[in-house]
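Colleague: Below you will find the structure I want to go over with you.
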Amino acid sequence: MTLPAAAWRERVEFERRLVHASGTLYPVPYLLGWISWETTGRLMILSVAVAGLLEALRLSGSAGPLDPLYDALVRDYEADGVAGYALYQVGMAAAALAFAPVFAVPAMWMLSVGDPISGGLGENAATEPKRLSVVAAMVFVCFGIAVPYAIPEFGPDPGVIVALAGAIPAAIADGLPPLIYGVAVDDNLTIPPAAAGGMFLAAALIA
C-alpha cells in the first residue's frame with residue numbers, strides 16, 4: 001500500500017533520525033576500553049571511504065540493489081549532490097581525528113543525539129534558520145551532553161564554560177547554517193568540528 005505523501009515523509013524522517021542516532025555508537029568501543037582513540041580515528045576514516053564509495057555509486061546511477069534504500073533515506077534536495085549521511089561521516093571523522101576524546105566524543109554526540117532532537121522540533125526548510133526556541137533547545141541538549149565530560153576534566157566552573165563553548169557553536173551550526181551560493185552548509189558536516197573546536201579553544205583560554 002502506498003502511503004500518502006505526508007505519512008511517507010514522516011516515516012522517512014523517523015528512519016533518517018534512527019540512522020542519525022546510530023552514530024552515537026562510534027566512540028563507544030573506545031569508551032569501553034576495547035580500542036584506542038587512534039584506532040577510532042582510523043575506523044572513522046574507513047567510514048568516510050565507505051560513504052564516498054556509496055555516494056559515487058549512487059550519483060553515477062550504479063547503486064543497484066541499494067536504490068530502494070537511497071530512495072527512502074535521501075531527501076529530494078540531496079538527490080543530485082552529496083547526501084547528508086556522507087557529510088555526517090566526514091564531520092564525525094574530522095572531530096575524531098583533530099581533537100582529543102574529551103572534546104570529540106561530546107561533539108560527535110551533539111550531532112548524533114542533539115541534531116535529531118532539534119530536527120524533530122523544527123519545521124524549517126534546509127536554507128531557513130530554525131526558530132529561536134529550537135536553537136535554545138539545541139543549546140540545552142548539547143550542554144547536557146558536554147557537561148559530564150567537561151566538569152571532571154576541567155573542574156566545575158571551567159567545565160561549565162567549556163561545555164557552553166561547545167553547545168553554542170553546535171546550535172548555531174544546526175539552526176543558523178551559513179549559505180554558500182544559496183546552498184546551506186549541511187550541519188552534519190559542521191556540528192562536530194564546530195563544537196569540538198569551541199570546547200578546545202575555551203579550554204585553552206581558561207587553562
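Naming scheme: A, B, ... for chains in displayed order of the C-alpha cells; residues 1 onward per chain; ligands 1 onward as shown.
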Tell me, counting only C-alpha atoms, for each residue of segment 37-106 of chain A within 10 Å of segment 143-163 of chain A, which pair of atoms is nearest and how far apart they are in Å to one decimal, in rows ordered by chain and increasing number, as a Markdown table.
Modeller:
| residue | atom | partner | partner_atom | distance |
| --- | --- | --- | --- | --- |
| A:Pro101 | CA | A:Tyr149 | CA | 9.2 |
| A:Val102 | CA | A:Tyr149 | CA | 6.0 |
| A:Phe103 | CA | A:Tyr149 | CA | 8.0 |
| A:Ala104 | CA | A:Ala146 | CA | 9.9 |
| A:Val105 | CA | A:Tyr149 | CA | 8.6 |
| A:Pro106 | CA | A:Ala146 | CA | 5.2 |
Colleague: With C-alpha atoms kept, could you save the residues just selected as a short mmCIF file (atom, residue, chain, number, x, y, z; two decimals), in the first residue's frame?
Modeller:
data_model
loop_
_atom_site.label_atom_id
_atom_site.label_comp_id
_atom_site.auth_asym_id
_atom_site.auth_seq_id
_atom_site.Cartn_x
_atom_site.Cartn_y
_atom_site.Cartn_z
CA PRO A 101 38.29 12.45 23.17
CA VAL A 102 37.21 14.92 25.89
CA PHE A 103 36.28 17.33 23.09
CA ALA A 104 35.50 14.96 20.25
CA VAL A 105 33.14 12.49 21.97
CA PRO A 106 30.59 15.06 23.18
#
Colleague: Neighbouring residues of Leu201 of chain A were defined as those with any atom within 9 Å, considering only C-alpha atoms; residues of the same chain fewer than 5 positions away were excluded. Please report them as JSON, numbers by chain.
Modeller: {"A": [162, 165, 196, 206]}
Colleague: Check segment 10-181 of chain A with DSSP on the backbone and list each residue it calls helix (DSSP H, G or I), as an MDAnalysis selection string.
Modeller: chainID A and resid 10:25 28:31 37:59 64:73 76:78 84:98 101:121 132:154 156:175
Colleague: Of the candidates A:Ala93, A:Ala203, A:Val19, A:Leu31, which one gets nearest to Val74 of chain A if we count only C-alpha atoms?
Modeller: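 Between A:Ala93, A:Ala203, A:Val19, A:Leu31, the residue approaching Val74 of chain A most closely is A:Val19.
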Colleague: Pick out the residues sitting within 9 Å of Ala137 of chain A, and hand them over as a list of chain:residue names; count only C-alpha atoms, and ignore anything fewer than 2 positions along from it in its own chain.
Modeller: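 My list of contacting residues is A:Gly114, A:Ile117, A:Ser118, A:Leu121, A:Leu132, A:Ser133, A:Val134, A:Val135, A:Val139, A:Phe140, A:Val141, A:Cys142, A:Ala171.
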Colleague: Wanna dump the segment 72-113 of chain A-segment 36-42 of chain A contacts at 10 Å for me, each residue with its shortest atom pair and the distance in Å to one decimal, counting only C-alpha atoms, ordered by chain and number, as CSV?
Modeller:
residue,atom,partner,partner_atom,distance
A:Met92,CA,A:Gly41,CA,9.4
A:Ala93,CA,A:Gly41,CA,6.6
A:Ala94,CA,A:Gly41,CA,8.8
A:Ala95,CA,A:Gly41,CA,9.0
A:Ala96,CA,A:Gly41,CA,5.5
A:Leu97,CA,A:Gly41,CA,5.4
A:Ala98,CA,A:Gly41,CA,9.1
A:Ala100,CA,A:Trp37,CA,8.2
A:Pro101,CA,A:Trp37,CA,7.2
Colleague: Could you tell me, as an MDAnalysis selection string, which residues of segment 4-201 of chain A DSSP assigns to strand (DSSP E) when given the backbone?
Modeller: chainID A and resid 179:180 183:184
Colleague: To one decimal in Å, tell me the separation between atom CA of Leu66 of chain A and atom CA of Val48 of chain A.
Modeller: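 Between atom CA of Leu66 of chain A and atom CA of Val48 of chain A the gap works out to 17.7 Å.
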Colleague: Could you name the residues that touch Leu54 of chain A at 12 Å or less, counting only C-alpha atoms, but leaving out those on the same chain fewer than 6 positions away, as a PyMOL selection string?
Modeller: chain A and resi 47-48+60-67+69-70+82-83+85-86
Colleague: Separation of atom CA of Leu53 of chain A and atom CA of Val90 of chain A, in Å?
Modeller: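 Atom-to-atom, atom CA of Leu53 of chain A to atom CA of Val90 of chain A, that is 13.1 Å.
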